[in-house]
>>> print(open('model-v6.txt').read())   # compact mmCIF, C-alpha atoms and all ligand atoms
# COMPACT_ATOMS: atom_id res chain seq x y z
CA MET V 36 -20.81 -12.28 14.54
CA HIS V 37 -17.12 -12.66 15.15
CA GLU V 38 -17.24 -13.01 18.93
CA ALA V 39 -15.85 -16.55 18.66
CA SER V 40 -12.65 -15.18 17.08
CA ILE V 41 -12.45 -12.56 19.81
CA ALA V 42 -13.01 -15.17 22.54
CA GLU V 43 -10.25 -17.27 20.96
CA ALA V 44 -7.85 -14.30 21.03
CA LEU V 45 -8.92 -13.59 24.60
CA LEU V 46 -8.14 -17.16 25.73
CA GLU V 47 -4.79 -16.92 23.95
CA GLN V 48 -3.89 -13.70 25.77
CA ILE V 49 -5.06 -15.11 29.10
CA ALA V 50 -2.93 -18.24 28.62
CA GLU V 51 0.07 -16.09 27.73
CA ALA V 52 -0.39 -13.91 30.84
CA ALA V 53 -0.73 -17.02 33.01
CA LEU V 54 2.45 -18.48 31.56
CA ARG V 55 4.38 -15.25 32.10
CA HIS V 56 3.39 -15.22 35.75
CA GLY V 57 3.71 -18.93 36.42
CA ALA V 58 0.05 -19.08 37.32
CA ARG V 59 -1.74 -22.38 37.51
CA ARG V 60 -5.23 -20.98 37.15
CA VAL V 61 -6.77 -17.76 35.97
CA VAL V 62 -9.88 -17.10 38.02
CA GLY V 63 -10.84 -13.72 36.64
CA ALA V 64 -10.36 -11.60 33.55
CA ARG V 65 -11.35 -8.01 32.85
CA VAL V 66 -12.04 -7.01 29.26
CA ALA V 67 -12.73 -3.54 27.88
CA VAL V 68 -15.18 -3.39 24.98
CA GLY V 69 -15.56 -0.02 23.29
CA ALA V 70 -18.86 1.14 21.81
CA LEU V 71 -17.25 1.21 18.34
CA SER V 72 -15.63 -2.21 18.62
CA ALA V 73 -18.60 -4.03 17.03
CA VAL V 74 -18.52 -6.64 19.79
CA GLU V 75 -21.73 -7.72 21.48
CA PRO V 76 -20.86 -8.24 25.18
CA GLN V 77 -23.40 -11.04 25.74
CA ALA V 78 -22.24 -12.90 22.64
CA LEU V 79 -18.62 -12.57 23.77
CA ALA V 80 -19.49 -13.84 27.26
CA PHE V 81 -21.32 -16.79 25.76
CA ALA V 82 -18.52 -17.70 23.35
CA PHE V 83 -15.99 -17.41 26.18
CA GLU V 84 -18.01 -19.71 28.41
CA VAL V 85 -18.22 -22.35 25.71
CA MET V 86 -14.56 -22.14 24.70
CA ARG V 87 -12.78 -21.84 28.07
CA ALA V 88 -13.25 -25.54 29.01
CA GLY V 89 -9.98 -27.42 29.31
CA THR V 90 -7.87 -24.24 29.37
CA VAL V 91 -6.13 -22.41 32.18
CA ALA V 92 -9.24 -20.20 32.21
CA ALA V 93 -11.70 -23.08 32.72
CA ALA V 94 -13.03 -21.46 35.91
CA CYS V 95 -12.39 -17.88 34.91
CA GLU V 96 -15.01 -15.26 35.64
CA LEU V 97 -15.20 -12.77 32.81
CA VAL V 98 -15.95 -9.15 33.58
CA ILE V 99 -16.79 -7.06 30.53
CA GLU V 100 -16.42 -3.30 30.91
CA GLU V 101 -18.39 -1.50 28.24
CA ARG V 102 -16.60 1.72 27.33
CA PRO V 103 -18.71 4.50 25.82
CA LEU V 104 -17.76 6.44 22.74
CA VAL V 105 -16.03 9.70 23.65
CA VAL V 106 -15.39 12.25 20.92
CA SER V 107 -13.69 15.58 20.68
CA CYS V 108 -14.57 18.38 18.29
CA ALA V 109 -11.97 20.55 16.58
CA ALA V 110 -14.61 23.14 15.63
CA CYS V 111 -15.89 24.07 19.10
CA GLY V 112 -13.48 22.34 21.44
CA HIS V 113 -16.17 20.20 23.03
CA SER V 114 -15.15 16.81 24.33
CA GLY V 115 -17.52 14.23 25.76
CA PRO V 116 -19.62 11.11 25.25
CA GLN V 117 -21.50 10.60 22.00
CA ASP V 118 -24.14 8.17 20.74
CA PRO V 119 -22.28 5.98 18.19
CA ARG V 120 -25.22 6.19 15.79
CA GLU V 121 -25.13 9.99 15.70
CA PRO V 122 -22.65 11.66 13.41
CA GLY V 123 -21.05 14.92 14.40
CA CYS V 124 -20.39 16.92 17.52
CA PRO V 125 -23.11 16.65 20.20
CA ARG V 126 -22.74 20.39 20.92
CA CYS V 127 -22.21 22.17 17.58
CA GLN V 128 -23.09 19.36 15.12
CA ALA V 129 -19.82 19.88 13.24
CA VAL V 130 -18.41 16.87 11.43
CA PRO V 131 -16.15 15.05 11.65
CA VAL V 132 -15.28 14.63 15.29
CA SER V 133 -12.30 12.61 16.41
CA VAL V 134 -12.66 9.53 18.52
CA VAL V 135 -11.02 9.87 21.94
CA SER V 136 -12.04 6.42 23.13
CA GLY V 137 -14.58 3.76 22.27
CA ARG V 138 -12.60 1.71 19.76
CA GLU V 139 -10.80 -0.37 22.36
CA LEU V 140 -11.07 -4.13 22.59
CA CYS V 141 -8.56 -5.43 25.07
CA LEU V 142 -7.74 -7.66 27.98
CA VAL V 143 -7.22 -5.21 30.83
CA SER V 144 -6.14 -7.57 33.61
CA VAL V 145 -6.29 -11.14 34.85
CA ASP V 146 -6.69 -12.56 38.34
CA VAL V 147 -4.27 -15.44 38.73
CA GLU V 148 -3.55 -18.00 41.39
CA ASP V 149 0.15 -18.65 41.75
CA ASP V 150 1.56 -22.15 41.62
CA ASP V 151 2.91 -21.81 45.14
CA ALA V 152 -0.05 -20.01 46.66
CA ARG V 153 -0.83 -21.50 50.08
CA ALA V 154 -3.56 -21.03 52.61
CA THR V 155 -2.44 -19.20 55.69
CA MET X 773 -8.52 -27.84 55.93
CA LEU X 774 -9.83 -25.82 53.06
CA GLU X 775 -7.02 -24.68 50.84
CA LEU X 776 -7.53 -21.06 49.92
CA HIS X 777 -5.68 -19.41 47.11
CA ASP X 778 -5.33 -15.68 47.04
CA ALA X 779 -5.94 -14.46 43.55
CA GLU X 780 -3.56 -11.76 42.41
CA GLU X 781 -4.63 -9.17 39.88
CA ILE X 782 -2.14 -8.65 37.09
CA PRO X 783 -2.48 -5.82 34.57
CA VAL X 784 -2.23 -7.03 30.96
CA GLY X 785 -3.42 -4.40 28.50
CA ALA X 786 -3.34 -6.67 25.46
CA ASP X 787 -5.20 -5.71 22.30
CA LEU X 788 -7.44 -8.63 21.40
CA LEU X 789 -6.99 -7.98 17.73
CA ALA X 790 -3.20 -8.07 18.12
CA THR X 791 -2.86 -11.63 16.85
CA ASN X 792 -4.54 -10.64 13.63
CA ALA X 793 -2.68 -7.34 13.46
CA LYS X 794 0.63 -9.20 13.56
CA ALA X 795 -0.44 -11.52 10.74
CA ALA X 796 -1.72 -8.54 8.74
CA LEU X 797 1.63 -6.80 9.09
CA HIS X 798 3.32 -9.91 7.78
CA ASN X 799 0.98 -10.00 4.76
CA ARG X 800 1.70 -6.34 4.17
CA GLU X 801 5.42 -7.08 3.97
CA HIS X 802 4.66 -9.63 1.25
CA PHE X 803 2.55 -7.10 -0.65
CA LEU X 804 5.01 -4.23 -0.36
CA GLY X 805 7.95 -6.49 -1.17
CA HIS X 806 6.34 -7.52 -4.44
CA GLY X 807 4.84 -4.14 -5.28
CA VAL X 808 1.35 -5.57 -5.50
CA TYR X 809 -1.59 -3.37 -4.63
CA VAL X 810 -4.17 -5.13 -2.47
CA LEU X 811 -7.81 -4.18 -2.10
CA ASN X 812 -10.26 -5.59 0.46
CA LEU X 813 -13.81 -5.43 -0.94
CA MET X 814 -16.50 -5.50 1.74
CA SER X 815 -20.30 -5.27 1.89
CA GLY X 816 -23.41 -6.88 3.26
CA PRO X 817 -24.59 -10.01 1.44
CA GLY X 818 -25.75 -9.41 -2.13
CA ALA X 819 -24.69 -5.77 -2.48
CA GLY X 820 -22.94 -6.62 -5.74
CA LYS X 821 -19.29 -7.26 -4.90
CA THR X 822 -18.81 -10.12 -7.34
CA THR X 823 -20.67 -8.35 -10.15
CA LEU X 824 -18.61 -5.18 -9.66
CA LEU X 825 -15.49 -7.28 -9.55
CA GLU X 826 -16.34 -8.96 -12.87
CA ARG X 827 -16.85 -5.57 -14.52
CA THR X 828 -13.67 -4.18 -12.99
CA LEU X 829 -11.58 -7.16 -14.10
CA ASP X 830 -12.78 -6.78 -17.69
CA ALA X 831 -12.01 -3.06 -17.67
CA LEU X 832 -8.56 -3.29 -16.11
CA ALA X 833 -7.23 -6.66 -17.29
CA PRO X 834 -5.85 -5.27 -20.57
CA ARG X 835 -3.46 -2.99 -18.65
CA TYR X 836 -2.90 -4.71 -15.32
CA ARG X 837 -2.00 -8.17 -14.10
CA LEU X 838 -4.81 -8.95 -11.67
CA ALA X 839 -5.79 -11.78 -9.33
CA VAL X 840 -8.66 -12.41 -6.94
CA ILE X 841 -9.13 -14.08 -3.58
CA GLU X 842 -12.74 -15.10 -2.98
CA GLY X 843 -13.89 -15.23 0.62
CA ASP X 844 -17.60 -14.73 0.14
CA VAL X 845 -19.46 -17.79 1.36
CA GLN X 846 -22.88 -16.46 0.39
CA THR X 847 -22.57 -17.62 -3.18
CA ARG X 848 -20.48 -20.69 -3.77
CA HIS X 849 -19.98 -19.96 -7.41
CA ASP X 850 -18.23 -16.62 -7.06
CA ALA X 851 -14.82 -18.11 -7.83
CA ASP X 852 -16.19 -19.75 -10.98
CA ARG X 853 -17.69 -16.44 -12.07
CA ILE X 854 -14.33 -14.74 -11.62
CA ALA X 855 -12.38 -17.53 -13.35
CA ARG X 856 -14.46 -17.00 -16.50
CA HIS X 857 -12.77 -13.61 -16.85
CA GLY X 858 -9.39 -15.28 -17.29
CA VAL X 859 -8.01 -14.07 -13.97
CA PRO X 860 -6.24 -16.28 -11.41
CA VAL X 861 -8.60 -16.83 -8.49
CA HIS X 862 -8.46 -18.77 -5.24
CA GLN X 863 -11.47 -19.51 -3.07
CA ILE X 864 -10.85 -19.39 0.67
CA ASN X 865 -12.84 -21.80 2.76
CA THR X 866 -13.68 -19.74 5.84
CA GLY X 867 -15.18 -22.74 7.61
CA GLY X 868 -18.33 -20.75 8.15
CA ALA X 869 -16.56 -17.75 9.68
CA CYS X 870 -18.24 -14.39 9.18
CA HIS X 871 -15.08 -12.60 8.04
CA LEU X 872 -11.67 -13.21 6.51
CA ASP X 873 -8.67 -12.84 8.73
CA ALA X 874 -5.03 -12.18 7.92
CA ARG X 875 -3.99 -15.77 8.56
CA LEU X 876 -6.53 -17.14 6.06
CA VAL X 877 -5.31 -14.66 3.46
CA HIS X 878 -1.70 -15.58 4.14
CA GLN X 879 -2.47 -19.24 3.42
CA ALA X 880 -4.18 -18.23 0.17
CA LEU X 881 -1.09 -16.30 -0.97
CA ASP X 882 0.64 -19.63 -1.67
CA HIS X 883 -1.65 -19.97 -4.70
CA PHE X 884 -0.32 -16.86 -6.41
CA GLU X 885 2.94 -15.60 -7.79
CA LEU X 886 2.82 -12.17 -6.19
CA GLY X 887 5.79 -10.86 -8.12
CA ALA X 888 3.85 -11.35 -11.35
CA LEU X 889 0.87 -9.26 -10.19
CA ASP X 890 -0.01 -5.58 -10.20
CA ALA X 891 -3.10 -5.90 -8.03
CA LEU X 892 -4.84 -8.47 -5.87
CA ILE X 893 -8.50 -7.99 -5.02
CA ILE X 894 -9.99 -9.79 -2.04
CA GLU X 895 -13.76 -10.25 -1.92
CA ASN X 896 -14.57 -10.48 1.77
CA VAL X 897 -17.45 -12.40 3.33
CA GLY X 898 -20.80 -10.64 2.90
CA ASN X 899 -21.23 -9.02 6.31
CA LEU X 900 -21.44 -5.36 7.33
CA VAL X 901 -19.96 -5.79 10.79
CA CYS X 902 -17.09 -8.19 11.27
CA PRO X 903 -14.82 -7.82 8.22
CA ALA X 904 -14.00 -4.22 9.12
CA GLU X 905 -12.43 -5.39 12.38
CA PHE X 906 -9.91 -7.68 10.76
CA ASP X 907 -7.07 -6.11 8.81
CA LEU X 908 -5.75 -8.31 6.05
CA GLY X 909 -2.65 -6.24 5.33
CA GLU X 910 -4.40 -4.59 2.38
CA HIS X 911 -3.72 -1.09 1.01
CA ASP X 912 -7.37 -0.08 0.87
CA LYS X 913 -10.70 -1.22 2.21
CA VAL X 914 -13.49 -0.48 -0.25
CA MET X 915 -17.08 -0.84 0.71
CA VAL X 916 -20.14 -1.54 -1.41
CA LEU X 917 -23.59 -0.41 -0.30
CA SER X 918 -26.52 -1.03 -2.62
CA VAL X 919 -29.52 1.26 -2.77
CA THR X 920 -31.78 -1.66 -1.88
CA GLU X 921 -30.28 -1.79 1.62
CA GLY X 922 -31.54 1.43 3.21
CA HIS X 923 -29.84 4.81 3.64
CA ASP X 924 -29.50 4.44 7.41
CA LYS X 925 -26.74 1.83 7.06
CA PRO X 926 -23.87 4.25 7.82
CA GLN X 927 -25.38 5.05 11.21
CA LYS X 928 -26.16 1.41 11.94
CA TYR X 929 -22.74 0.11 10.93
CA PRO X 930 -20.32 2.95 11.66
CA VAL X 931 -17.19 0.82 11.98
CA MET X 932 -17.09 -0.29 8.37
CA PHE X 933 -17.74 3.23 7.09
CA HIS X 934 -14.96 4.45 9.34
CA ALA X 935 -12.50 1.94 7.94
CA ALA X 936 -13.24 2.31 4.21
CA ARG X 937 -11.27 4.52 1.85
CA ALA X 938 -13.93 4.39 -0.83
CA LEU X 939 -17.62 3.63 -0.98
CA LEU X 940 -19.42 2.30 -4.04
CA LEU X 941 -23.13 3.10 -3.93
CA ASN X 942 -24.29 0.29 -6.18
CA LYS X 943 -27.51 -0.63 -8.01
CA MET X 944 -28.19 3.03 -8.89
CA ASP X 945 -30.31 1.65 -11.77
CA LEU X 946 -32.84 0.56 -9.12
CA LEU X 947 -33.08 3.98 -7.48
CA PRO X 948 -36.50 4.84 -9.00
CA HIS X 949 -37.95 1.70 -7.43
CA VAL X 950 -36.64 2.03 -3.90
CA ASP X 951 -36.90 4.44 -1.01
CA PHE X 952 -33.22 5.33 -0.73
CA ASP X 953 -32.07 8.88 -0.02
CA VAL X 954 -28.67 9.09 -1.72
CA ALA X 955 -27.76 12.50 -0.29
CA TYR X 956 -28.69 11.35 3.21
CA ALA X 957 -26.57 8.19 2.95
CA GLU X 958 -23.61 10.15 1.58
CA ARG X 959 -23.87 12.77 4.28
CA ALA X 960 -24.06 10.12 7.02
CA ALA X 961 -21.09 8.23 5.56
CA ARG X 962 -18.95 11.37 5.24
CA ALA X 963 -19.85 12.36 8.78
CA LEU X 964 -18.12 9.20 9.90
CA ASN X 965 -15.29 9.49 7.43
CA LEU X 966 -14.56 12.90 5.91
CA ASP X 967 -12.09 11.64 3.29
CA LEU X 968 -14.32 8.87 1.99
CA GLU X 969 -14.42 8.72 -1.83
CA ILE X 970 -17.95 7.97 -2.95
CA PHE X 971 -18.92 6.59 -6.35
CA ARG X 972 -22.53 6.23 -7.49
CA VAL X 973 -22.52 3.21 -9.76
CA SER X 974 -24.52 0.43 -11.30
CA ALA X 975 -22.73 -2.83 -11.95
CA ARG X 976 -25.73 -3.72 -14.12
CA SER X 977 -25.81 -0.71 -16.47
CA GLY X 978 -22.18 0.36 -16.08
CA GLU X 979 -23.19 3.84 -14.93
CA GLY X 980 -20.50 5.64 -12.92
CA LEU X 981 -17.93 2.88 -13.23
CA ASP X 982 -15.39 4.89 -15.23
CA ALA X 983 -14.70 7.16 -12.27
CA TRP X 984 -14.23 4.12 -10.07
CA TYR X 985 -11.78 2.55 -12.55
CA ARG X 986 -9.75 5.78 -12.71
CA TRP X 987 -9.57 5.94 -8.92
CA LEU X 988 -8.48 2.31 -8.71
CA GLU X 989 -5.83 2.80 -11.41
CA ALA X 990 -4.48 5.77 -9.48
CA ARG X 991 -4.29 3.67 -6.31
CA ILE X 992 -2.49 0.84 -8.12
CA GLY X 993 -0.09 3.35 -9.66
CA LYS X 994 0.64 4.89 -6.28
CA ALA X 995 1.44 1.49 -4.74
CA GLN X 996 3.85 0.77 -7.59
CA ARG X 997 5.59 4.14 -7.49
CA HIS X 998 6.13 3.47 -3.83
CA LEU X 999 8.10 0.37 -4.83
CA ASP X 1000 10.40 2.33 -7.18
CA HIS X 1001 11.82 4.42 -4.36
N1 LIG B 1 -30.16 -4.17 -10.60
C1 LIG B 1 -28.91 -4.40 -10.23
N2 LIG B 1 -28.58 -5.61 -9.75
C2 LIG B 1 -27.29 -5.82 -9.39
C3 LIG B 1 -26.31 -4.83 -9.50
N3 LIG B 1 -25.14 -5.34 -9.07
C4 LIG B 1 -25.39 -6.60 -8.68
N4 LIG B 1 -26.69 -6.91 -8.90
C5 LIG B 1 -27.38 -8.17 -8.60
O1 LIG B 1 -27.40 -8.37 -7.19
C6 LIG B 1 -27.26 -9.76 -6.89
C7 LIG B 1 -26.07 -9.99 -5.97
O2 LIG B 1 -24.88 -9.65 -6.66
P1 LIG B 1 -23.45 -10.23 -6.30
O3 LIG B 1 -22.47 -9.58 -7.18
O4 LIG B 1 -23.48 -11.73 -6.30
O5 LIG B 1 -23.33 -9.70 -4.80
P2 LIG B 1 -22.23 -10.07 -3.67
O6 LIG B 1 -22.91 -11.06 -2.75
O7 LIG B 1 -21.96 -8.79 -2.95
O8 LIG B 1 -21.02 -10.64 -4.34
C8 LIG B 1 -27.11 -10.47 -8.23
O9 LIG B 1 -28.37 -10.96 -8.59
C9 LIG B 1 -26.65 -9.37 -9.15
O10 LIG B 1 -27.02 -9.60 -10.48
C10 LIG B 1 -26.70 -3.54 -10.03
O11 LIG B 1 -25.91 -2.58 -10.15
N5 LIG B 1 -28.00 -3.39 -10.36
MG MG B 2 -19.99 -12.43 -4.02
ZN ZN B 3 -18.38 21.02 18.27
>>> encode(input="model-v6.txt", output="structure tokens")
Amino acid sequence: MHEASIAEALLEQIAEAALRHGARRVVGARVAVGALSAVEPQALAFAFEVMRAGTVAAACELVIEERPLVVSCAACGHSGPQDPREPGCPRCQAVPVSVVSGRELCLVSVDVEDDDARAT
Amino acid sequence: MLELHDAEEIPVGADLLATNAKAALHNREHFLGHGVYVLNLMSGPGAGKTTLLERTLDALAPRYRLAVIEGDVQTRHDADRIARHGVPVHQINTGGACHLDARLVHQALDHFELGALDALIIENVGNLVCPAEFDLGEHDKVMVLSVTEGHDKPQKYPVMFHAARALLLNKMDLLPHVDFDVAYAERAARALNLDLEIFRVSARSGEGLDAWYRWLEARIGKAQRHLDH
């Protein structure tokens, strides 16, 4: 599994976002994992937990949003969710269908604490 | 007093494969600049990548200047096997990683004179999942599936079938001994990828390989014509 490479890229992107916003700590990160991305959410969460130590994300809570595969069919015009193991349109069985979403693998947002954040 | 920090949510929207995509683009500039066609050969462990490669090198070496990057960690002697065919080869040490990435390939490029090559073939790590996610900057991804692996592989590993331009169904010589429905596998693969070229071959007997060689020659030729313009 390549979740360690993905976790590494994730930590890189988090560090970059923190730097851009002058944040001292990143306490949360939201990641979208599409059904076709070949990433196992639990394995990614585990790799992230192991690798975040000593980084700006050391105390970062990772939220993984699993995004289903959504396809659209040129033959019948149907558009909707599809089981990634099933080929073809769920309505008319025509192949191929085009992928509307489900390939994504991205860092959606981070929750940062600013350097100058103060209790009020 | 307890110091409370208000966390602020910042939208990012960064593709997690972007780091690799950038490196792949850089590799691609090298390849295009030198007019060298690059093929990324992928399969599960033991499907026959190295054997097919040996056959292919022998068939094409008289007319093309070829080189190989070996990334497969399953068999440590793959690079030696390739070297016996008189072709420059470099073994990448993946450090146990389950796939090659563009950065590893870029480092390996130092071992070749790209300008003196027509085609570079990269044997990826034997793995049906991860290699498809990591672009190397190649022209084509070609996948090998052997008939000993089960005809439900396209449905189980859709990403790789999506990404491939051609599929070699290998070990056809073993078909009488295994329960592999060729038509079913081909239908499932094409359902994921309508334009997929499929070749039924045996790297052992040589069956079907001529069609594969012709396809590969056409792809090399296309990459080189592109350079002339
Ligand atoms: N019967 C048969 N065996 C094959 C064929 N192609 C490869 N093999 C055998 O399958 C095993 C794995 O082959 P190899 O090329 O090392 O696979 P790789 O791990 O994908 O590089 C070796 O024992 C090969 O001799 C084939 O077409 N038919
Ligand atoms: Mg091999
Ligand atoms: Zn339809």
>>> residues_near_ligand(input="model-v6.txt", ligand="ligand LIG 1 (chain B)", cutoff="7 Å", atoms="only C-alpha atoms and all ligand atoms", output="PyMOL selection string")
chain X and resi 815-824+844+846-847+898+942-946+973-977
>>> residues_around(input="model-v6.txt", residues="stretch 43-60 of chain V", least_positions_apart="5", cutoff="10 Å", atoms="all atoms listed in the file", output="PyMOL selection string")
(chain V and resi 38+66+79+82-83+86-87+90-95+140-142+144-152) or (chain X and resi 779-780+782-792)
>>> residues_around(input="model-v6.txt", residues="X:His998", least_positions_apart="5", cutoff="9 Å", atoms="only C-alpha atoms", output="PyMOL selection string")
chain X and resi 804+807+993
>>> atom_distance(input="model-v6.txt", atom1="atom CA of X:Asp951", atom2="atom CA of X:Ala904")
26.5 Å
>>> residues_near_ligand(input="model-v6.txt", ligand="ligand ZN 3 (chain B)", cutoff="7 Å", atoms="all atoms listed in the file", output="list in words")
Cys108, Ala109, Ala110, Cys111, Gly112, His113, Cys124, Pro125, Arg126, Cys127, Gln128 and Ala129 of chain V
>>> residues_around(input="model-v6.txt", residues="stretch 861-875 of chain X", least_positions_apart="3", cutoff="7 Å", atoms="only C-alpha atoms", output="number ranges by chain")
V: 36-37; X: 792, 795-796, 839-843, 851, 854-855, 878-880, 883, 896-897, 899, 902-903, 906-909
>>> closest_residue(input="model-v6.txt", among="X:His949, X:His857, X:Met915, X:Val845", to="ligand MG 2 (chain B)", atoms="only C-alpha atoms and all ligand atoms")
X:Val845
>>> residues_near_point(input="model-v6.txt", point="(-21.1, 1.3, -2.2)", cutoff="12 Å", atoms="only C-alpha atoms", output="PDB file with C-alpha atoms, keeping the file's coordinate frame")
ATOM      1  CA  LEU X 813     -13.810  -5.430  -0.940  1.00  0.00           C
ATOM      2  CA  MET X 814     -16.500  -5.500   1.740  1.00  0.00           C
ATOM      3  CA  SER X 815     -20.300  -5.270   1.890  1.00  0.00           C
ATOM      4  CA  GLY X 816     -23.410  -6.880   3.260  1.00  0.00           C
ATOM      5  CA  GLY X 818     -25.750  -9.410  -2.130  1.00  0.00           C
ATOM      6  CA  ALA X 819     -24.690  -5.770  -2.480  1.00  0.00           C
ATOM      7  CA  GLY X 820     -22.940  -6.620  -5.740  1.00  0.00           C
ATOM      8  CA  LYS X 821     -19.290  -7.260  -4.900  1.00  0.00           C
ATOM      9  CA  LEU X 824     -18.610  -5.180  -9.660  1.00  0.00           C
ATOM     10  CA  LEU X 900     -21.440  -5.360   7.330  1.00  0.00           C
ATOM     11  CA  LYS X 913     -10.700  -1.220   2.210  1.00  0.00           C
ATOM     12  CA  VAL X 914     -13.490  -0.480  -0.250  1.00  0.00           C
ATOM     13  CA  MET X 915     -17.080  -0.840   0.710  1.00  0.00           C
ATOM     14  CA  VAL X 916     -20.140  -1.540  -1.410  1.00  0.00           C
ATOM     15  CA  LEU X 917     -23.590  -0.410  -0.300  1.00  0.00           C
ATOM     16  CA  SER X 918     -26.520  -1.030  -2.620  1.00  0.00           C
ATOM     17  CA  VAL X 919     -29.520   1.260  -2.770  1.00  0.00           C
ATOM     18  CA  THR X 920     -31.780  -1.660  -1.880  1.00  0.00           C
ATOM     19  CA  GLU X 921     -30.280  -1.790   1.620  1.00  0.00           C
ATOM     20  CA  GLY X 922     -31.540   1.430   3.210  1.00  0.00           C
ATOM     21  CA  HIS X 923     -29.840   4.810   3.640  1.00  0.00           C
ATOM     22  CA  LYS X 925     -26.740   1.830   7.060  1.00  0.00           C
ATOM     23  CA  PRO X 926     -23.870   4.250   7.820  1.00  0.00           C
ATOM     24  CA  MET X 932     -17.090  -0.290   8.370  1.00  0.00           C
ATOM     25  CA  PHE X 933     -17.740   3.230   7.090  1.00  0.00           C
ATOM     26  CA  ALA X 936     -13.240   2.310   4.210  1.00  0.00           C
ATOM     27  CA  ARG X 937     -11.270   4.520   1.850  1.00  0.00           C
ATOM     28  CA  ALA X 938     -13.930   4.390  -0.830  1.00  0.00           C
ATOM     29  CA  LEU X 939     -17.620   3.630  -0.980  1.00  0.00           C
ATOM     30  CA  LEU X 940     -19.420   2.300  -4.040  1.00  0.00           C
ATOM     31  CA  LEU X 941     -23.130   3.100  -3.930  1.00  0.00           C
ATOM     32  CA  ASN X 942     -24.290   0.290  -6.180  1.00  0.00           C
ATOM     33  CA  LYS X 943     -27.510  -0.630  -8.010  1.00  0.00           C
ATOM     34  CA  MET X 944     -28.190   3.030  -8.890  1.00  0.00           C
ATOM     35  CA  VAL X 954     -28.670   9.090  -1.720  1.00  0.00           C
ATOM     36  CA  ALA X 957     -26.570   8.190   2.950  1.00  0.00           C
ATOM     37  CA  GLU X 958     -23.610  10.150   1.580  1.00  0.00           C
ATOM     38  CA  ALA X 961     -21.090   8.230   5.560  1.00  0.00           C
ATOM     39  CA  LEU X 968     -14.320   8.870   1.990  1.00  0.00           C
ATOM     40  CA  GLU X 969     -14.420   8.720  -1.830  1.00  0.00           C
ATOM     41  CA  ILE X 970     -17.950   7.970  -2.950  1.00  0.00           C
ATOM     42  CA  PHE X 971     -18.920   6.590  -6.350  1.00  0.00           C
ATOM     43  CA  ARG X 972     -22.530   6.230  -7.490  1.00  0.00           C
ATOM     44  CA  VAL X 973     -22.520   3.210  -9.760  1.00  0.00           C
ATOM     45  CA  SER X 974     -24.520   0.430 -11.300  1.00  0.00           C
ATOM     46  CA  ALA X 975     -22.730  -2.830 -11.950  1.00  0.00           C
ATOM     47  CA  GLY X 980     -20.500   5.640 -12.920  1.00  0.00           C
ATOM     48  CA  LEU X 981     -17.930   2.880 -13.230  1.00  0.00           C
ATOM     49  CA  TRP X 984     -14.230   4.120 -10.070  1.00  0.00           C
TER      50      TRP X 984
END
>>> build_atoms(input="model-v6.txt", residues="stretch 76-84 of chain V", atoms="N, CA, C and O atoms", output="compact mmCIF listing (two decimals), keeping the file's coordinate frame")
# COMPACT_ATOMS: atom_id res chain seq x y z
N PRO V 76 -21.36 -7.66 23.93
CA PRO V 76 -20.86 -8.24 25.18
C PRO V 76 -21.46 -9.61 25.54
O PRO V 76 -20.74 -10.52 25.91
N GLN V 77 -22.79 -9.75 25.38
CA GLN V 77 -23.40 -11.04 25.74
C GLN V 77 -22.88 -12.16 24.85
O GLN V 77 -22.65 -13.28 25.32
N ALA V 78 -22.72 -11.88 23.57
CA ALA V 78 -22.24 -12.90 22.64
C ALA V 78 -20.80 -13.28 22.98
O ALA V 78 -20.42 -14.45 22.89
N LEU V 79 -20.01 -12.29 23.38
CA LEU V 79 -18.62 -12.57 23.77
C LEU V 79 -18.59 -13.43 25.03
O LEU V 79 -17.86 -14.43 25.11
N ALA V 80 -19.43 -13.08 26.01
CA ALA V 80 -19.49 -13.84 27.26
C ALA V 80 -19.90 -15.28 26.98
O ALA V 80 -19.32 -16.22 27.54
N PHE V 81 -20.85 -15.45 26.09
CA PHE V 81 -21.32 -16.79 25.76
C PHE V 81 -20.22 -17.61 25.07
O PHE V 81 -19.94 -18.74 25.43
N ALA V 82 -19.59 -17.01 24.08
CA ALA V 82 -18.52 -17.70 23.35
C ALA V 82 -17.38 -18.08 24.30
O ALA V 82 -16.83 -19.18 24.23
N PHE V 83 -17.07 -17.16 25.21
CA PHE V 83 -15.99 -17.41 26.18
C PHE V 83 -16.33 -18.60 27.06
O PHE V 83 -15.50 -19.48 27.30
N GLU V 84 -17.58 -18.64 27.52
CA GLU V 84 -18.01 -19.71 28.41
C GLU V 84 -17.91 -21.08 27.72
O GLU V 84 -17.51 -22.06 28.34
